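For reference, query.csv is printed below; it contains CSV, C-alpha atoms and all ligand atoms.
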chain,number,residue,atom,x,y,z
X,15,MET,CA,-1.6,-7.8,-45.1
X,16,THR,CA,-0.7,-9.9,-42.1
X,17,LYS,CA,2.8,-10.2,-40.7
X,18,ARG,CA,3.6,-12.8,-38.1
X,19,ALA,CA,6.5,-13.3,-35.8
X,20,GLN,CA,7.0,-15.9,-33.1
X,21,ALA,CA,9.3,-16.1,-30.1
X,22,ASN,CA,9.6,-19.1,-27.9
X,23,ALA,CA,12.0,-17.5,-25.4
X,24,ILE,CA,13.9,-14.3,-24.8
X,25,GLU,CA,17.5,-14.8,-25.6
X,26,LEU,CA,19.0,-15.7,-22.3
X,27,GLN,CA,22.6,-16.6,-22.9
X,28,PRO,CA,24.5,-18.6,-20.3
X,29,SER,CA,27.4,-16.2,-19.9
X,30,VAL,CA,30.8,-17.7,-20.3
X,31,GLY,CA,32.9,-17.1,-17.2
X,32,TRP,CA,30.1,-16.9,-14.6
X,33,GLY,CA,30.7,-20.5,-13.6
X,34,GLN,CA,34.3,-19.6,-12.9
X,35,GLY,CA,34.0,-17.2,-10.1
X,36,ARG,CA,31.3,-14.9,-11.5
X,37,GLY,CA,27.5,-15.3,-11.1
X,38,ARG,CA,27.6,-17.0,-7.7
X,39,ILE,CA,24.3,-16.5,-6.1
X,40,ALA,CA,22.9,-16.6,-2.5
X,41,ILE,CA,19.1,-16.7,-1.9
X,42,ALA,CA,17.3,-15.5,1.2
X,43,GLY,CA,13.8,-16.7,1.6
X,44,ALA,CA,14.8,-19.6,-0.6
X,45,GLY,CA,11.8,-21.7,0.3
X,46,ALA,CA,9.4,-19.2,-1.2
X,47,ARG,CA,7.1,-20.7,-3.8
X,48,ILE,CA,8.3,-18.3,-6.4
X,49,VAL,CA,11.9,-19.2,-5.8
X,50,VAL,CA,11.4,-22.9,-6.1
X,51,ASP,CA,9.1,-22.5,-9.2
X,52,ALA,CA,10.8,-19.6,-11.0
X,53,HIS,CA,14.0,-18.3,-9.5
X,54,ILE,CA,16.0,-21.5,-9.2
X,55,PRO,CA,15.3,-22.8,-12.7
X,56,SER,CA,16.0,-19.4,-14.2
X,57,TYR,CA,19.3,-18.9,-12.5
X,58,ARG,CA,20.4,-22.4,-13.5
X,59,ARG,CA,19.3,-21.7,-17.1
X,60,LEU,CA,21.6,-18.7,-17.0
X,61,GLY,CA,24.4,-21.0,-16.0
X,62,VAL,CA,25.1,-19.4,-12.6
X,63,ASP,CA,25.8,-21.3,-9.4
X,64,ILE,CA,23.4,-21.1,-6.4
X,65,ASP,CA,26.0,-21.6,-3.7
X,66,LEU,CA,24.1,-20.6,-0.6
X,67,ILE,CA,20.4,-20.7,0.3
X,68,PHE,CA,18.8,-19.5,3.5
X,69,ASP,CA,15.3,-20.0,4.9
X,70,PRO,CA,14.3,-20.2,8.6
X,71,ASP,CA,11.7,-22.9,7.8
X,72,PRO,CA,13.7,-26.2,7.5
X,73,GLU,CA,11.0,-27.9,5.4
X,74,ARG,CA,10.8,-25.0,3.0
X,75,LEU,CA,14.6,-25.0,2.9
X,76,ARG,CA,14.6,-28.7,2.0
X,77,LEU,CA,12.3,-28.1,-0.9
X,78,ALA,CA,14.6,-25.3,-2.2
X,79,ALA,CA,17.7,-27.5,-1.9
X,80,ALA,CA,15.8,-30.3,-3.8
X,81,ALA,CA,15.0,-27.7,-6.5
X,82,VAL,CA,18.6,-26.8,-7.0
X,83,GLU,CA,19.6,-30.5,-7.1
X,84,ARG,CA,16.9,-31.1,-9.8
X,85,THR,CA,18.8,-28.7,-12.0
X,86,GLY,CA,22.1,-30.7,-11.5
X,87,GLY,CA,23.5,-28.1,-9.0
X,88,THR,CA,24.7,-28.3,-5.4
X,89,THR,CA,24.1,-25.8,-2.7
X,90,ARG,CA,24.8,-25.1,1.0
X,91,ALA,CA,21.4,-24.8,2.8
X,92,ILE,CA,21.2,-22.9,6.1
X,93,TYR,CA,18.2,-22.2,8.4
X,94,ASP,CA,20.0,-20.3,11.2
X,95,ARG,CA,20.4,-16.6,10.5
X,96,GLU,CA,23.7,-16.1,12.3
X,97,ALA,CA,25.3,-19.1,10.5
X,98,PHE,CA,23.9,-17.7,7.2
X,99,LEU,CA,25.4,-14.3,7.8
X,100,THR,CA,28.8,-15.9,8.5
X,101,ALA,CA,28.6,-18.1,5.4
X,102,LEU,CA,27.5,-15.0,3.3
X,103,ARG,CA,30.6,-13.1,4.5
X,104,ASP,CA,32.9,-16.0,3.6
X,105,MET,CA,31.2,-16.6,0.2
X,106,ASN,CA,31.0,-13.0,-1.0
X,107,PRO,CA,28.5,-13.7,-3.7
X,108,ASP,CA,28.0,-11.7,-6.8
X,109,LEU,CA,24.4,-11.2,-6.0
X,110,MET,CA,21.9,-12.1,-3.3
X,111,ASP,CA,18.3,-12.8,-4.2
X,112,VAL,CA,15.8,-11.6,-1.6
X,113,ALA,CA,12.4,-13.3,-1.7
X,114,VAL,CA,11.2,-13.1,1.9
X,115,PRO,CA,7.5,-12.2,2.3
X,116,SER,CA,6.8,-8.6,1.2
X,117,PRO,CA,5.8,-7.4,4.7
X,118,MET,CA,9.2,-8.5,6.0
X,119,HIS,CA,11.3,-6.7,3.3
X,120,THR,CA,12.0,-3.6,5.4
X,121,ALA,CA,13.0,-5.4,8.5
X,122,PHE,CA,15.0,-8.1,6.7
X,123,LEU,CA,16.9,-5.6,4.6
X,124,SER,CA,17.5,-3.2,7.5
X,125,GLY,CA,18.8,-6.1,9.6
X,126,LEU,CA,21.1,-7.1,6.7
X,127,PHE,CA,22.5,-3.5,6.4
X,128,ASP,CA,22.9,-3.3,10.3
X,129,ASP,CA,24.8,-6.7,10.5
X,130,LEU,CA,26.8,-6.7,7.3
X,131,GLY,CA,27.4,-3.0,6.7
X,132,LYS,CA,29.7,-2.6,3.7
X,133,ASP,CA,30.1,-6.4,3.5
X,134,CYS,CA,26.5,-6.7,2.3
X,135,PRO,CA,26.5,-8.1,-1.2
X,136,SER,CA,24.6,-6.6,-4.2
X,137,LEU,CA,20.9,-7.4,-3.9
X,138,LEU,CA,18.1,-8.4,-6.3
X,139,VAL,CA,14.9,-7.9,-4.4
X,140,GLN,CA,11.3,-9.1,-5.1
X,141,LYS,CA,8.7,-6.4,-5.6
X,142,PRO,CA,7.5,-4.4,-3.7
X,143,LEU,CA,10.8,-3.2,-2.1
X,144,ALA,CA,8.9,-2.0,1.0
X,145,GLU,CA,5.4,-1.4,2.3
X,146,ASP,CA,5.3,2.2,1.1
X,147,SER,CA,7.6,4.7,-0.7
X,148,VAL,CA,8.8,6.3,2.5
X,149,ALA,CA,10.2,3.0,3.8
X,150,ALA,CA,11.6,2.2,0.3
X,151,ARG,CA,13.3,5.6,0.1
X,152,GLY,CA,15.0,4.9,3.5
X,153,LEU,CA,16.2,1.5,2.3
X,154,VAL,CA,17.6,3.0,-0.9
X,155,ALA,CA,19.4,5.7,1.1
X,156,ARG,CA,21.0,3.2,3.4
X,157,ALA,CA,22.1,0.9,0.6
X,158,HIS,CA,23.6,4.0,-1.1
X,159,ASP,CA,25.5,5.0,2.0
X,160,LEU,CA,26.9,1.5,2.3
X,161,ASP,CA,27.7,1.4,-1.4
X,162,VAL,CA,25.5,-1.6,-1.9
X,163,ARG,CA,23.8,-2.0,-5.3
X,164,MET,CA,20.1,-2.9,-4.9
X,165,LEU,CA,18.1,-3.9,-8.0
X,166,MET,CA,14.5,-5.0,-8.4
X,167,GLN,CA,13.0,-8.2,-9.9
X,168,MET,CA,10.5,-6.4,-12.2
X,169,ASN,CA,10.0,-9.4,-14.6
X,170,GLY,CA,6.9,-8.0,-16.4
X,171,ARG,CA,9.3,-6.0,-18.6
X,172,TRP,CA,10.8,-9.2,-19.9
X,173,VAL,CA,7.5,-10.7,-21.2
X,174,PRO,CA,8.2,-10.7,-24.9
X,175,THR,CA,4.8,-9.3,-26.1
X,176,PHE,CA,5.0,-6.4,-23.6
X,177,ARG,CA,8.5,-5.6,-24.8
X,178,GLU,CA,7.1,-5.6,-28.4
X,179,LEU,CA,4.3,-3.3,-27.3
X,180,ARG,CA,6.7,-0.9,-25.7
X,181,ASP,CA,8.7,-0.8,-29.0
X,182,ALA,CA,5.5,-0.2,-31.0
X,183,VAL,CA,4.5,2.6,-28.7
X,184,ARG,CA,7.9,4.3,-28.8
X,185,SER,CA,8.4,3.9,-32.6
X,186,GLY,CA,5.5,6.2,-33.4
X,187,THR,CA,3.8,3.6,-35.6
X,188,LEU,CA,0.5,4.0,-33.7
X,189,GLY,CA,0.5,7.8,-33.8
X,190,ASP,CA,-0.5,9.8,-30.7
X,191,ILE,CA,-1.5,7.5,-27.9
X,192,GLN,CA,-4.9,8.6,-26.5
X,193,VAL,CA,-6.2,5.8,-24.2
X,194,VAL,CA,-4.7,2.6,-22.7
X,195,GLU,CA,-6.8,0.0,-21.0
X,196,VAL,CA,-5.3,-2.7,-18.8
X,197,LEU,CA,-7.5,-5.6,-17.6
X,198,ASN,CA,-6.6,-8.3,-15.1
X,199,ARG,CA,-9.7,-10.2,-14.1
X,200,GLY,CA,-10.3,-13.7,-12.6
X,201,LEU,CA,-10.6,-15.5,-9.3
X,202,ASN,CA,-7.5,-15.4,-7.2
X,203,PRO,CA,-8.6,-16.3,-3.6
X,204,LYS,CA,-6.1,-16.5,-0.8
X,205,THR,CA,-5.9,-18.8,2.2
X,206,SER,CA,-5.8,-17.6,5.8
X,207,ASP,CA,-2.3,-19.0,6.3
X,208,ASP,CA,-1.0,-16.8,3.4
X,209,TRP,CA,0.7,-13.6,4.5
X,210,ARG,CA,-1.1,-11.9,1.7
X,211,SER,CA,-4.4,-12.3,3.6
X,212,HIS,CA,-3.1,-10.1,6.4
X,213,ILE,CA,-1.5,-7.2,4.7
X,214,ASP,CA,-3.1,-3.7,4.5
X,215,ARG,CA,-2.5,-3.1,0.7
X,216,LEU,CA,-3.1,-6.2,-1.3
X,217,ILE,CA,-4.0,-6.0,-5.0
X,218,GLY,CA,-2.3,-2.6,-5.5
X,219,TYR,CA,1.0,-3.5,-3.9
X,220,GLU,CA,1.2,-7.2,-4.8
X,221,MET,CA,-0.5,-7.3,-8.3
X,222,ALA,CA,-1.2,-3.9,-9.9
X,223,ILE,CA,2.4,-3.0,-9.2
X,224,HIS,CA,3.4,-5.0,-12.3
X,225,HIS,CA,0.9,-3.3,-14.6
X,226,VAL,CA,1.6,0.2,-13.2
X,227,ASP,CA,5.3,-0.5,-13.7
X,228,LEU,CA,4.7,-1.5,-17.3
X,229,LEU,CA,2.7,1.7,-17.9
X,230,ILE,CA,5.5,3.9,-16.4
X,231,TRP,CA,8.1,1.9,-18.4
X,232,MET,CA,6.2,2.6,-21.6
X,233,PHE,CA,4.8,6.1,-21.0
X,234,GLY,CA,6.8,7.7,-18.1
X,235,LEU,CA,5.5,8.8,-14.8
X,236,PRO,CA,1.8,9.9,-14.7
X,237,ASP,CA,0.9,13.5,-13.8
X,238,TRP,CA,-2.3,12.6,-11.9
X,239,VAL,CA,-4.1,9.5,-10.6
X,240,PHE,CA,-7.5,8.6,-9.4
X,241,ALA,CA,-8.4,5.2,-7.8
X,242,VAL,CA,-11.0,3.1,-6.1
X,243,TYR,CA,-9.8,0.1,-4.1
X,244,ARG,CA,-12.4,-2.4,-2.7
X,245,ARG,CA,-12.4,-5.5,-0.6
X,246,VAL,CA,-15.2,-7.5,-2.1
X,247,PRO,CA,-16.4,-9.6,0.9
X,248,GLY,CA,-16.6,-13.4,0.7
X,249,PHE,CA,-12.8,-14.0,0.6
X,250,VAL,CA,-10.5,-14.3,3.6
X,251,VAL,CA,-8.3,-11.3,2.8
X,252,LYS,CA,-8.2,-8.2,5.1
X,253,ALA,CA,-7.4,-5.8,2.2
X,254,ASP,CA,-8.3,-4.8,-1.3
X,255,ASN,CA,-9.0,-7.5,-3.9
X,256,PHE,CA,-10.6,-5.2,-6.6
X,257,ALA,CA,-9.2,-2.0,-7.9
X,258,VAL,CA,-10.0,0.6,-10.6
X,259,MET,CA,-7.2,3.0,-11.3
X,260,THR,CA,-7.0,5.9,-13.7
X,261,MET,CA,-3.8,7.7,-14.6
X,262,GLY,CA,-3.2,10.8,-16.7
X,263,PHE,CA,0.1,11.1,-18.7
X,264,ASP,CA,1.2,14.2,-20.5
X,265,GLU,CA,-1.6,16.2,-22.0
X,266,SER,CA,-3.8,13.7,-23.7
X,267,LEU,CA,-3.1,10.1,-22.6
X,268,VAL,CA,-5.3,8.4,-20.0
X,269,ALA,CA,-4.8,4.9,-18.8
X,270,ASN,CA,-7.4,2.8,-17.0
X,271,VAL,CA,-6.4,-0.3,-15.1
X,272,VAL,CA,-8.9,-2.8,-13.7
X,273,GLU,CA,-7.6,-5.5,-11.3
X,274,ASP,CA,-10.2,-8.0,-10.2
X,275,TRP,CA,-9.5,-11.1,-8.1
X,276,THR,CA,-13.1,-11.8,-7.3
X,277,CYS,CA,-14.7,-12.9,-10.6
X,278,ARG,CA,-16.3,-16.3,-10.3
X,279,VAL,CA,-17.4,-16.5,-13.9
X,280,LYS,CA,-14.6,-18.3,-15.8
X,281,ASP,CA,-15.9,-17.1,-19.2
X,282,ALA,CA,-15.0,-13.5,-18.2
X,283,TRP,CA,-11.5,-14.2,-17.1
X,284,HIS,CA,-8.4,-12.4,-18.5
X,285,LEU,CA,-6.2,-13.3,-15.6
X,286,HIS,CA,-2.5,-12.8,-14.8
X,287,PRO,CA,0.0,-14.4,-15.5
X,288,SER,CA,-1.2,-15.5,-19.0
X,289,GLY,CA,-4.3,-13.6,-19.7
X,290,GLU,CA,-4.2,-9.9,-18.8
X,291,HIS,CA,-5.0,-7.4,-21.6
X,292,PHE,CA,-3.3,-4.2,-22.7
X,293,ILE,CA,-5.1,-2.2,-25.3
X,294,VAL,CA,-3.5,0.9,-26.7
X,295,SER,CA,-5.7,3.2,-28.8
X,296,ALA,CA,-4.0,5.9,-30.8
X,297,THR,CA,-4.6,8.2,-33.8
X,298,ARG,CA,-3.2,5.9,-36.4
X,299,GLY,CA,-3.7,2.4,-34.9
X,300,THR,CA,-4.7,0.1,-32.1
X,301,ALA,CA,-2.4,-2.4,-30.2
X,302,PHE,CA,-3.8,-5.3,-28.2
X,303,ALA,CA,-1.4,-7.4,-26.1
X,304,THR,CA,-1.7,-10.3,-23.8
X,305,PRO,CA,1.4,-12.2,-22.4
X,306,HIS,CA,1.2,-14.5,-25.4
X,307,GLU,CA,0.0,-12.3,-28.3
X,308,GLN,CA,0.3,-8.9,-29.7
X,309,THR,CA,-1.8,-7.5,-32.6
X,310,ILE,CA,-1.3,-4.1,-34.1
X,311,THR,CA,-3.9,-2.8,-36.6
X,312,THR,CA,-3.4,0.4,-38.5
X,313,ASP,CA,-5.6,1.7,-41.3
X,314,GLY,CA,-4.8,-1.1,-43.8
X,315,GLU,CA,-2.3,-3.3,-42.0
X,316,THR,CA,-2.2,-5.8,-39.3
X,317,TRP,CA,0.9,-7.2,-37.5
X,318,ARG,CA,0.7,-10.2,-35.3
X,319,TYR,CA,3.4,-11.3,-32.9
X,320,THR,CA,3.0,-14.4,-30.7
X,321,SER,CA,5.1,-15.8,-27.9
X,322,GLU,CA,5.0,-19.2,-26.3
X,323,MET,CA,7.2,-18.0,-23.4
X,324,PRO,CA,5.3,-18.1,-20.1
X,325,TRP,CA,5.6,-15.2,-17.7
X,326,PHE,CA,6.3,-17.8,-15.0
X,327,PRO,CA,9.1,-18.8,-14.9
X,328,ASP,CA,10.8,-17.5,-18.0
X,329,ALA,CA,10.5,-13.8,-17.6
X,330,PHE,CA,12.2,-14.0,-14.2
X,331,GLY,CA,15.5,-14.7,-16.0
X,332,GLY,CA,15.4,-11.2,-17.6
X,333,PRO,CA,16.1,-9.1,-14.4
X,334,MET,CA,18.5,-11.8,-13.2
X,335,GLU,CA,20.6,-11.5,-16.3
X,336,GLU,CA,20.3,-7.7,-16.4
X,337,ALA,CA,21.4,-7.4,-12.7
X,338,LEU,CA,24.4,-9.7,-13.2
X,339,THR,CA,25.4,-8.0,-16.4
X,340,ALA,CA,25.0,-4.5,-15.0
X,341,LEU,CA,27.1,-5.4,-11.9
X,342,ARG,CA,29.8,-7.0,-14.0
X,343,GLU,CA,29.9,-4.0,-16.3
X,344,SER,CA,29.6,-1.5,-13.4
X,345,ARG,CA,26.8,0.3,-15.2
X,346,ALA,CA,23.5,1.7,-14.1
X,347,SER,CA,20.3,-0.3,-14.8
X,348,ASP,CA,16.7,0.7,-15.2
X,349,ILE,CA,15.8,-1.9,-12.6
X,350,ASP,CA,17.9,-0.1,-10.0
X,351,SER,CA,15.9,0.4,-6.8
X,352,THR,CA,16.0,4.2,-7.1
X,353,ASP,CA,13.5,4.1,-9.9
X,354,HIS,CA,11.4,1.7,-7.9
X,355,VAL,CA,10.8,4.3,-5.3
X,356,ALA,CA,9.1,6.5,-8.0
X,357,LEU,CA,6.8,3.5,-8.8
X,358,LEU,CA,5.9,3.0,-5.2
X,359,ASN,CA,5.2,6.7,-4.9
X,360,VAL,CA,2.7,6.4,-7.7
X,361,LEU,CA,1.1,3.4,-5.9
X,362,ASP,CA,1.0,5.5,-2.7
X,363,CYS,CA,-0.7,8.4,-4.6
X,364,LEU,CA,-3.3,5.9,-6.0
X,365,TYR,CA,-4.1,4.7,-2.4
X,366,ARG,CA,-4.3,8.3,-1.2
X,367,SER,CA,-6.7,9.1,-4.0
X,368,ALA,CA,-8.9,6.2,-3.0
X,369,SER,CA,-8.9,7.1,0.7
X,370,GLU,CA,-9.5,10.9,0.0
X,371,ARG,CA,-11.9,10.2,-3.0
X,372,LYS,CA,-10.2,12.8,-5.2
X,373,VAL,CA,-7.7,13.1,-8.0
X,374,VAL,CA,-4.1,13.3,-6.7
X,375,THR,CA,-1.3,15.1,-8.5
X,376,VAL,CA,1.8,12.9,-8.6
X,377,THR,CA,4.7,14.9,-7.2
X,401,LIG,N1,5.8,-12.0,-10.5
X,401,LIG,C1,6.5,-11.7,-9.4
X,401,LIG,O1,7.4,-10.9,-9.5
X,401,LIG,C2,6.2,-12.4,-8.1
X,401,LIG,C3,5.4,-13.5,-8.0
X,401,LIG,C4,5.1,-14.1,-6.7
X,401,LIG,C5,5.8,-13.6,-5.6
X,401,LIG,N2,6.5,-12.5,-5.7
X,401,LIG,C6,7.2,-11.9,-4.5
X,401,LIG,O2,8.1,-12.8,-4.0
X,401,LIG,C7,8.1,-12.6,-2.6
X,401,LIG,C8,7.9,-14.0,-1.9
X,401,LIG,O3,6.6,-14.4,-2.2
X,401,LIG,P1,6.1,-15.9,-2.1
X,401,LIG,O4,4.6,-16.0,-2.3
X,401,LIG,O5,6.9,-16.8,-3.0
X,401,LIG,O6,6.4,-16.2,-0.6
X,401,LIG,P2,6.2,-17.5,0.3
X,401,LIG,O7,5.3,-17.1,1.4
X,401,LIG,O8,5.9,-18.7,-0.5
X,401,LIG,O9,7.7,-17.7,0.9
X,401,LIG,C9,8.4,-16.8,1.6
X,401,LIG,C10,9.6,-17.6,2.2
X,401,LIG,O10,10.4,-16.7,3.0
X,401,LIG,C11,10.7,-17.4,4.2
X,401,LIG,N3,11.0,-16.4,5.2
X,401,LIG,C12,10.1,-15.9,6.1
X,401,LIG,N4,10.7,-15.0,6.9
X,401,LIG,C13,12.0,-15.0,6.6
X,401,LIG,C14,13.2,-14.3,7.0
X,401,LIG,N5,13.1,-13.4,8.0
X,401,LIG,N6,14.4,-14.5,6.4
X,401,LIG,C15,14.5,-15.4,5.4
X,401,LIG,N7,13.4,-16.1,4.9
X,401,LIG,C16,12.2,-15.9,5.5
X,401,LIG,C17,9.5,-18.3,4.5
X,401,LIG,O11,9.9,-19.4,5.3
X,401,LIG,C18,9.2,-18.8,3.1
X,401,LIG,O12,9.9,-19.9,2.7
X,401,LIG,C19,7.1,-11.5,-2.2
X,401,LIG,O13,7.8,-10.3,-2.0
X,401,LIG,C20,6.2,-11.5,-3.4
X,401,LIG,O14,5.6,-10.2,-3.6
X,401,LIG,C21,6.8,-11.9,-6.9

Do you think you could lay out the structure here as structure tokens?
Amino acid sequence: MTKRAQANAIELQPSVGWGQGRGRIAIAGAGARIVVDAHIPSYRRLGVDIDLIFDPDPERLRLAAAAVERTGGTTRAIYDREAFLTALRDMNPDLMDVAVPSPMHTAFLSGLFDDLGKDCPSLLVQKPLAEDSVAARGLVARAHDLDVRMLMQMNGRWVPTFRELRDAVRSGTLGDIQVVEVLNRGLNPKTSDDWRSHIDRLIGYEMAIHHVDLLIWMFGLPDWVFAVYRRVPGFVVKADNFAVMTMGFDESLVANVVEDWTCRVKDAWHLHPSGEHFIVSATRGTAFATPHEQTITTDGETWRYTSEMPWFPDAFGGPMEEALTALRESRASDIDSTDHVALLNVLDCLYRSASERKVVTVT
């Protein structure tokens, strides 16, 4: 028996009232590719206003302003930091989106806390919050002291097939989960003018972070980890572009994650953001999910669920809506930055395992 379901989009409801003084957004690092391609269209689909954008690069800023205008909106675009901080104080937005390059997160957010103090607005920050869990913990503590809410843009959790997979795992349909495989393989070279080419931790902190986050979201924190990170030569990057990570959860579950940005054979690709694989093997069934399809087969039945919703840009709206709603309802959220520190701690344990060549217990 085959059951099919299809989703074209997650329900993102333009929320009544946000255009009347709620859901007013500022964006820092507004010229970022990801902001122009994914954040701006997603905010506008949610019906919120992007009243203020900041980027020190005037040309990038112009591209961001044009992207807002393409959606029928208007915005105030500022490239001078002091003028931006003054405008931010006057505007008092519901949320500020932070999309500056990852290596600048700690300095940018610390500067914001120093200069704005308790006037700092609530923040929705791109992953990773900081360059390691120690720096992230410091930022979370400062935000807490200032009473500033800081949430994370963990959009993988809003890919419909991965949400379905989590539901299947948690419903018990599959029985006891034994093994999970995650595969993200393809060619993803960088150029020398990309900041990613110069950071110390590349594939773990910029890419695997999504897949490790999904595993933790589905199965909880791992007890132990073992990893190998490699820089396959031939590409301009300074850091890792290939990783094999193994994680143990509870007593019996083992997850293996392969992240490969060096595969030149196109026939072998299963590449983010549309092609990565999740395979869950359990006592009563197997689940296989990509960002567009999920199949569950038990002894005798097969369920198939397909989604035409692309990870970029559609899934980005999920954390935006969640952040705005959590703020409006003054409730906690599972994308609060406190939990993100635990994710970065797991990534740090993985890197420690690779450098010490041993299994590391996650504490
Ligand atoms: N799926 C995802 O969740 C996803 C995908 C891509 C990128 N990202 C994250 O988004 C962030 C941005 O990545 P990108 O590739 O789009 O970046 P990018 O290099 O395209 O853009 C960064 C922008 O920040 C601006 N900037 C630099 N310094 C600044 C400062 N001090 N203050 C304000 N703006 C500053 C730059 O001028 C540039 O316009 C990173 O943290 C990255 O990890 C997340």

Checklist line | Point-to-point distance in Å for atom CA of Val112 of chain X and atom CA of Gly200 of chain X | finding: 28.4 Å

Note to self: ligand LIG 401 (chain X): which residues are within 6 Å, counting all atoms listed in the file? Reply as a list in words.
What the structure shows: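 Protein and nucleic-acid residues within 6 Å of ligand LIG 401 (chain X): Ala42, Gly43, Ala44, Gly45, Ala46, Arg47, Ile48, Asp69, Pro70, Asp71, Arg74, Ala113, Val114, Pro115, Ser116, Phe122, Gln140, Lys141, Asn169 and Glu220 of chain X.
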
Notebook entry, point to check: Between X:Val271, X:Leu77, X:Cys363, X:Leu341, which one has atoms that come closest to Leu109 of chain X, using only C-alpha atoms?
Noted result: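 Closest to Leu109 of chain X, using only C-alpha atoms: X:Leu341.
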
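Between Met118 of chain X and the residues X:Gly189, X:Arg210, X:Leu102, X:Pro305, the shortest atom-to-atom distance, using only C-alpha atoms, involves X:Arg210.
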
Check: What lies within 10 Å of segment 90-100 of chain X using all atoms listed in the file, ignoring chain neighbours under 4 positions off, as a ChimeraX atom specification?
Finding: /X:40-44,64-76,78-79,104-105,126,129-130,134

Checklist line | From X:Ala80, X:Met110, X:Val374, X:Leu358, residue lying nearest Thr260 of chain X [only C-alpha atoms] | finding: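 Using only C-alpha atoms, Thr260 of chain X sits closest to X:Val374.
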
Notebook entry, point to check: Could you work out how far atom CA of Arg184 of chain X lies from atom CA of Ala296 of chain X, giving the answer in Å with one decimal?
Noted result: 12.2 Å

Note to self: What's around segment 321-326 of chain X at 10 Å? Count only C-alpha atoms, leave out sequence neighbours fewer than 2 positions away in its own chain, and write the answer as an MDAnalysis selection string.
What the structure shows: chainID X and resid 19:24 48 51:53 56 169:175 286:288 304:308 319 328:331

So that I have them on file, write out the residues from the current selection with C-alpha atoms, as an mmCIF file, keeping the file's coordinate frame.
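What ended up in selection.cif:
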data_model
loop_
_atom_site.group_PDB
_atom_site.id
_atom_site.type_symbol
_atom_site.label_atom_id
_atom_site.label_comp_id
_atom_site.auth_asym_id
_atom_site.auth_seq_id
_atom_site.Cartn_x
_atom_site.Cartn_y
_atom_site.Cartn_z
ATOM 1 C CA ALA X 19 6.500 -13.300 -35.800
ATOM 2 C CA GLN X 20 7.000 -15.900 -33.100
ATOM 3 C CA ALA X 21 9.300 -16.100 -30.100
ATOM 4 C CA ASN X 22 9.600 -19.100 -27.900
ATOM 5 C CA ALA X 23 12.000 -17.500 -25.400
ATOM 6 C CA ILE X 24 13.900 -14.300 -24.800
ATOM 7 C CA ILE X 48 8.300 -18.300 -6.400
ATOM 8 C CA ASP X 51 9.100 -22.500 -9.200
ATOM 9 C CA ALA X 52 10.800 -19.600 -11.000
ATOM 10 C CA HIS X 53 14.000 -18.300 -9.500
ATOM 11 C CA SER X 56 16.000 -19.400 -14.200
ATOM 12 C CA ASN X 169 10.000 -9.400 -14.600
ATOM 13 C CA GLY X 170 6.900 -8.000 -16.400
ATOM 14 C CA ARG X 171 9.300 -6.000 -18.600
ATOM 15 C CA TRP X 172 10.800 -9.200 -19.900
ATOM 16 C CA VAL X 173 7.500 -10.700 -21.200
ATOM 17 C CA PRO X 174 8.200 -10.700 -24.900
ATOM 18 C CA THR X 175 4.800 -9.300 -26.100
ATOM 19 C CA HIS X 286 -2.500 -12.800 -14.800
ATOM 20 C CA PRO X 287 0.000 -14.400 -15.500
ATOM 21 C CA SER X 288 -1.200 -15.500 -19.000
ATOM 22 C CA THR X 304 -1.700 -10.300 -23.800
ATOM 23 C CA PRO X 305 1.400 -12.200 -22.400
ATOM 24 C CA HIS X 306 1.200 -14.500 -25.400
ATOM 25 C CA GLU X 307 0.000 -12.300 -28.300
ATOM 26 C CA GLN X 308 0.300 -8.900 -29.700
ATOM 27 C CA TYR X 319 3.400 -11.300 -32.900
ATOM 28 C CA ASP X 328 10.800 -17.500 -18.000
ATOM 29 C CA ALA X 329 10.500 -13.800 -17.600
ATOM 30 C CA PHE X 330 12.200 -14.000 -14.200
ATOM 31 C CA GLY X 331 15.500 -14.700 -16.000
#
